[in-house]
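Coordinates from run_3.tsv are shown below (TSV, C-alpha atoms).
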```tsv
chain	number	residue	atom	x	y	z
A	1	GLU	CA	109.23	96.49	81.21
A	2	VAL	CA	105.87	94.91	82.08
A	3	SER	CA	103.21	93.97	79.54
A	4	PHE	CA	99.45	93.50	79.95
A	5	TYR	CA	97.42	91.58	77.36
A	6	PHE	CA	93.69	92.29	76.96
A	7	ASP	CA	91.06	90.14	75.25
A	8	GLU	CA	89.44	93.24	73.68
A	9	PHE	CA	90.58	96.59	72.37
A	10	VAL	CA	90.93	99.07	75.24
A	11	LYS	CA	89.98	102.74	75.25
A	12	ARG	CA	93.51	104.06	75.54
A	13	GLU	CA	92.59	107.38	77.14
A	14	SER	CA	91.05	105.45	80.06
A	15	ILE	CA	94.57	104.30	81.01
A	16	LYS	CA	95.58	107.85	81.96
A	17	ASN	CA	95.80	108.26	85.77
A	18	ASN	CA	94.75	104.62	86.20
A	19	ILE	CA	98.21	103.04	86.44
A	20	ILE	CA	99.39	102.68	90.05
A	21	ILE	CA	102.98	101.78	90.97
A	22	GLU	CA	103.75	100.97	94.61
A	23	PRO	CA	105.54	101.69	96.81
A	24	ASP	CA	105.81	105.24	95.52
A	25	PHE	CA	109.44	105.77	94.55
A	26	GLY	CA	108.81	108.45	91.91
A	27	ALA	CA	108.91	106.00	89.02
A	28	ASN	CA	109.33	107.50	85.55
A	29	TYR	CA	107.84	105.31	82.84
A	30	SER	CA	106.40	105.35	79.35
A	31	THR	CA	103.50	103.39	77.86
A	32	LYS	CA	103.31	101.74	74.45
A	33	TRP	CA	100.42	100.03	72.71
A	34	LYS	CA	100.49	97.27	70.12
A	35	LYS	CA	96.92	96.22	69.31
A	36	LYS	CA	95.60	94.68	72.57
A	37	ARG	CA	98.93	94.75	74.43
A	38	LEU	CA	99.97	97.53	76.81
A	39	THR	CA	103.67	97.75	77.71
A	40	ILE	CA	104.95	99.86	80.59
A	41	ASN	CA	108.64	100.67	80.33
A	42	PHE	CA	110.55	101.98	83.36
A	43	LYS	CA	113.01	104.72	82.45
A	44	ASP	CA	115.06	104.66	85.68
A	45	PRO	CA	116.67	101.86	87.71
A	46	LEU	CA	114.28	100.22	90.17
A	47	PRO	CA	114.99	100.23	93.94
A	48	ASP	CA	116.94	97.23	95.17
A	49	SER	CA	115.40	94.43	97.30
A	50	THR	CA	111.86	95.78	96.90
A	51	THR	CA	108.55	94.15	96.04
A	52	ILE	CA	107.01	96.36	93.36
A	53	ILE	CA	103.27	96.25	92.67
A	54	LEU	CA	101.89	97.48	89.37
A	55	THR	CA	98.10	97.89	89.29
A	56	LEU	CA	95.61	98.78	86.57
A	57	SER	CA	92.53	100.46	88.05
A	58	GLY	CA	89.09	98.94	87.57
A	59	SER	CA	88.04	102.17	85.83
A	60	ILE	CA	89.85	101.14	82.63
A	61	SER	CA	87.32	100.35	79.89
A	62	ASP	CA	87.09	98.84	76.43
A	63	THR	CA	86.11	100.79	73.32
A	64	ARG	CA	82.41	100.24	74.14
A	65	GLY	CA	82.79	101.81	77.60
A	66	ASN	CA	82.64	98.55	79.60
A	67	LYS	CA	84.88	98.83	82.68
A	68	ILE	CA	87.14	96.06	83.98
A	69	GLY	CA	85.35	96.39	87.34
A	70	ALA	CA	88.04	94.89	89.57
A	71	PRO	CA	91.62	96.20	89.55
A	72	LYS	CA	94.30	93.98	87.98
A	73	LEU	CA	97.78	93.79	89.42
A	74	VAL	CA	101.13	92.15	88.95
A	75	ALA	CA	103.96	92.04	91.49
A	76	PHE	CA	107.66	91.32	91.15
A	77	SER	CA	110.70	91.67	93.36
A	78	THR	CA	114.10	93.22	92.73
A	79	GLY	CA	115.49	91.14	95.59
A	80	ASP	CA	115.64	87.47	96.58
A	81	GLU	CA	112.03	87.10	97.75
A	82	LEU	CA	108.52	88.40	97.12
A	83	ASP	CA	106.65	89.85	100.11
A	84	GLU	CA	103.43	87.87	100.64
A	85	GLY	CA	101.46	89.61	103.41
A	86	SER	CA	97.94	90.94	102.77
A	87	ILE	CA	95.32	93.16	104.42
A	88	SER	CA	91.69	93.13	103.28
A	89	GLY	CA	88.35	94.70	104.18
A	90	GLN	CA	85.10	96.09	102.81
A	91	ILE	CA	83.44	99.49	102.41
A	92	ILE	CA	79.64	99.56	102.72
A	93	ASN	CA	77.21	102.40	102.10
A	94	ALA	CA	75.67	103.11	105.53
A	95	GLU	CA	72.29	104.05	104.04
A	96	THR	CA	71.79	101.26	101.50
A	97	GLY	CA	73.86	98.47	103.06
A	98	MET	CA	75.41	97.80	99.65
A	99	GLY	CA	79.14	97.59	98.89
A	100	GLU	CA	80.74	100.77	97.56
A	101	SER	CA	82.64	100.14	94.33
A	102	ALA	CA	85.55	102.15	92.87
A	103	ARG	CA	86.52	103.61	96.25
A	104	ARG	CA	90.22	104.09	96.86
A	105	VAL	CA	91.56	103.09	100.28
A	106	ALA	CA	94.91	104.34	101.62
A	107	LEU	CA	97.46	102.24	103.51
A	108	TYR	CA	100.21	103.79	105.62
A	109	ARG	CA	103.27	101.90	106.80
A	110	GLU	CA	105.22	102.82	109.94
A	111	PRO	CA	106.17	105.50	110.76
A	112	ILE	CA	102.47	106.34	110.28
A	113	ASN	CA	101.66	109.95	109.37
A	114	ILE	CA	98.28	110.61	107.71
A	115	GLN	CA	99.39	114.16	106.86
A	116	ALA	CA	102.00	112.64	104.52
A	117	PRO	CA	101.39	110.76	101.24
A	118	TYR	CA	100.12	107.20	101.73
A	119	ASN	CA	102.39	104.28	100.83
A	120	TYR	CA	99.85	102.02	99.11
A	121	VAL	CA	96.35	102.32	97.66
A	122	ALA	CA	93.67	99.70	96.93
A	123	GLU	CA	90.43	100.03	95.00
A	124	THR	CA	87.15	98.40	95.99
A	125	ASP	CA	85.47	96.00	93.57
A	126	THR	CA	81.75	95.85	92.74
A	127	GLY	CA	81.03	94.30	96.15
A	128	GLY	CA	83.00	96.95	98.06
A	129	TYR	CA	85.87	94.56	98.85
A	130	PHE	CA	89.53	95.59	98.71
A	131	THR	CA	92.86	93.84	99.30
A	132	PHE	CA	96.39	95.10	99.82
A	133	SER	CA	98.72	92.34	98.63
A	134	TYR	CA	102.47	91.66	98.63
A	135	LEU	CA	103.14	93.51	101.91
A	136	LYS	CA	106.17	93.07	104.14
A	137	GLU	CA	106.07	92.54	107.89
A	138	GLY	CA	105.32	95.64	109.98
A	139	ASN	CA	102.74	98.04	111.43
A	140	TYR	CA	100.09	99.50	109.11
A	141	LYS	CA	97.09	101.82	109.20
A	142	VAL	CA	94.18	101.53	106.75
A	143	PHE	CA	92.44	104.86	106.19
A	144	TYR	CA	89.68	105.92	103.81
A	145	PHE	CA	89.48	109.42	102.40
A	146	ASP	CA	88.07	110.92	99.22
A	147	ASP	CA	91.33	111.78	97.46
A	148	ARG	CA	89.72	114.06	94.89
A	149	ASN	CA	92.87	115.49	93.33
A	150	ARG	CA	94.82	112.18	93.56
A	151	ASN	CA	97.77	113.82	95.32
A	152	LYS	CA	97.90	110.98	97.94
A	153	ILE	CA	97.54	113.46	100.85
A	154	TRP	CA	94.42	113.95	102.99
A	155	GLU	CA	93.26	117.58	102.82
A	156	PRO	CA	90.63	118.28	105.51
A	157	PRO	CA	87.94	119.59	105.57
A	158	ARG	CA	87.61	119.41	101.78
A	159	GLU	CA	88.07	115.63	101.62
A	160	LEU	CA	85.77	113.29	103.53
A	161	ALA	CA	87.64	110.76	105.69
A	162	GLN	CA	86.83	107.78	107.94
A	163	SER	CA	88.95	105.34	109.92
A	164	PHE	CA	88.37	101.62	110.35
A	165	SER	CA	87.59	100.23	113.83
A	166	MET	CA	91.10	98.76	113.98
A	167	ASP	CA	93.27	101.88	114.10
A	168	THR	CA	96.58	100.15	113.43
A	169	VAL	CA	97.47	96.51	112.77
A	170	PHE	CA	100.66	94.50	112.93
A	171	LEU	CA	101.20	92.25	109.94
A	172	GLU	CA	103.49	89.28	110.43
A	173	LYS	CA	105.54	87.87	107.58
A	174	ALA	CA	103.29	86.30	104.91
A	175	ASP	CA	100.26	86.81	107.18
A	176	THR	CA	96.70	87.54	106.01
A	177	LEU	CA	94.52	90.02	107.94
A	178	ASN	CA	90.90	91.07	107.47
A	179	ILE	CA	90.11	94.36	109.22
A	180	GLY	CA	86.34	94.12	108.73
A	181	GLN	CA	83.90	96.64	107.36
A	182	LEU	CA	83.69	100.39	107.19
A	183	TYR	CA	80.19	101.89	106.89
A	184	LEU	CA	80.64	104.94	104.74
A	185	GLN	CA	78.62	107.98	105.75
A	186	THR	CA	78.03	109.93	102.55
A	187	VAL	CA	77.53	113.67	102.83
A	188	ASP	CA	74.21	115.00	101.49
A	189	THR	CA	74.99	118.32	99.78
A	190	LEU	CA	71.59	118.73	98.08
A	191	ALA	CA	68.98	120.99	99.69
A	192	PRO	CA	65.40	119.67	100.05
A	193	LYS	CA	62.87	120.78	97.44
A	194	LEU	CA	59.31	121.84	98.16
A	195	GLN	CA	57.08	119.69	95.94
A	196	ALA	CA	53.54	120.69	96.92
A	197	VAL	CA	51.47	122.93	99.19
A	198	GLY	CA	47.99	122.00	100.41
A	199	LEU	CA	45.68	124.53	102.12
A	200	PHE	CA	42.98	122.84	104.20
A	201	SER	CA	41.59	125.79	106.19
A	202	ASP	CA	42.56	129.21	107.45
A	203	LYS	CA	44.55	127.45	110.22
A	204	ARG	CA	45.97	124.31	108.55
A	205	MET	CA	48.43	123.91	105.67
A	206	ARG	CA	50.46	120.89	104.46
A	207	LEU	CA	53.94	121.12	102.88
A	208	ARG	CA	55.41	118.13	101.04
A	209	PHE	CA	59.17	117.87	100.40
A	210	ASN	CA	61.19	115.50	98.21
A	211	GLU	CA	63.10	114.06	101.22
A	212	ASP	CA	62.86	113.78	104.99
```
Translate the structure described by the file into structure tokens.
Amino acid sequence: EVSFYFDEFVKRESIKNNIIIEPDFGANYSTKWKKKRLTINFKDPLPDSTTIILTLSGSISDTRGNKIGAPKLVAFSTGDELDEGSISGQIINAETGMGESARRVALYREPINIQAPYNYVAETDTGGYFTFSYLKEGNYKVFYFDDRNRNKIWEPPRELAQSFSMDTVFLEKADTLNIGQLYLQTVDTLAPKLQAVGLFSDKRMRLRFNED
């Protein structure tokens, strides 16, 4: 079991769907609260010689609705060593130039297949930064898509997706890589609205809309 201690009382329903266990090995677990302590108890044996990462999403909030903001994680190994590699980057809104918070980024390990469930997921903080930690040596692909139903599989064309400039990267043992920035192109699904009409003559009329 793994326990998290908070300095305030947490809105317990905000924990639902905001516990991430990686790599995905179909872990069955239960949660138990005791005041400000959350305990996660694994019901099945854990895989051998594996670095397991347990993350609490930044969407978890206290009883007043204040969110943690940045995800919190703990890692432990069922083998002799803890994998120490990391891959980081940033997601920026292409229109505003500001970092995109609470965006989930997928990481695939070789053999890479973006039609299959991703192996790891990271969440951007308030500045749009994300980090995949405790990774073993190997080839990886970082891929952003709007996983609306949280099934870990990209479903085009319903889910927006973008790749980073570095398609795949090789991570050496205990290495640290920064793959740079992704400028997120958000889709505008709202139609323009006509705000005013001005009639100047029998040949000239002005229309003003709420956006370009």
query = Using only C-alpha atoms, which of A:Asn93, A:Asn178, A:Thr126, A:Thr186 sits nearest Glu159 of chain A?
reply =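 Closest residue, counting only C-alpha atoms: A:Thr186.
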request  = Could you tell me how far atom CA of Lys141 of chain A lies from atom CA of Ser49 of chain A, in Å and to one decimal?
outcome  =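 Between atom CA of Lys141 of chain A and atom CA of Ser49 of chain A the gap works out to 23.1 Å.
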key: Nearest-residue call for Arg206 of chain A, choices A:Leu194, A:Tyr144, A:Gln162, A:Met98, using all atoms listed in the file   = A:Leu194
request  = Please work out which residues fall within 6 Å of (87.0, 100.9, 108.0), coordinates as given in the file, with all atoms listed in the file counting, and return them as a PyMOL selection string.
outcome  = chain A and resi 163-165+181-182
ask   = Restricting the calculation to all atoms listed in the file, which member of A:Leu38, A:Leu107, A:Ala94, A:Leu184 is positioned closest to Asp24 of chain A?
value =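 Result for the nearest residue to Asp24 of chain A: A:Leu107.
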task = For atom CA of Thr50 of chain A and atom CA of Arg109 of chain A, quote the distance in Å rounded to one decimal.
result =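 Interatomic distance here is 14.5 Å.
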request  = May I ask which of the residues A:Gly58, A:Pro47, A:Pro71, A:Gly65 is the closest one to Glu8 of chain A, counting only C-alpha atoms?
outcome  =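 Ranking A:Gly58, A:Pro47, A:Pro71, A:Gly65 by distance to Glu8 of chain A, first place goes to A:Gly65.
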inquiry  = Given the point (52.0, 125.0, 100.6) in the coordinates of this file, which residues lie within 8 Å, counting only C-alpha atoms, and how would they look as a ChimeraX atom specification?
reply    = /A:196-199,205-208
ask   = Pick the closest to Lys193 of chain A from A:Ile20, A:Gly180, A:Pro45, A:Glu211: which is it, counting only C-alpha atoms?
value =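 Once distances to Lys193 of chain A are computed over only C-alpha atoms, the minimum belongs to A:Glu211.
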request  = For each of A:Leu82, A:Ile52, A:Leu160, A:Ala75, take the minimum atom-to-atom distance to Asp146 of chain A, counting all atoms listed in the file, then give the residue where this is smallest.
outcome  = A:Leu160
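Straight-line separation from atom CA of Asn28 of chain A to atom CA of Asp125 of chain A: 27.7 Å.
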inquiry  = Which residues are near Tyr108 of chain A? Cut-off 6 Å, only C-alpha atoms, ignore same chain within fewer than 4 positions. Put them as a VMD selection string.
reply    = chain A and resid 112 118 to 119 140 to 141
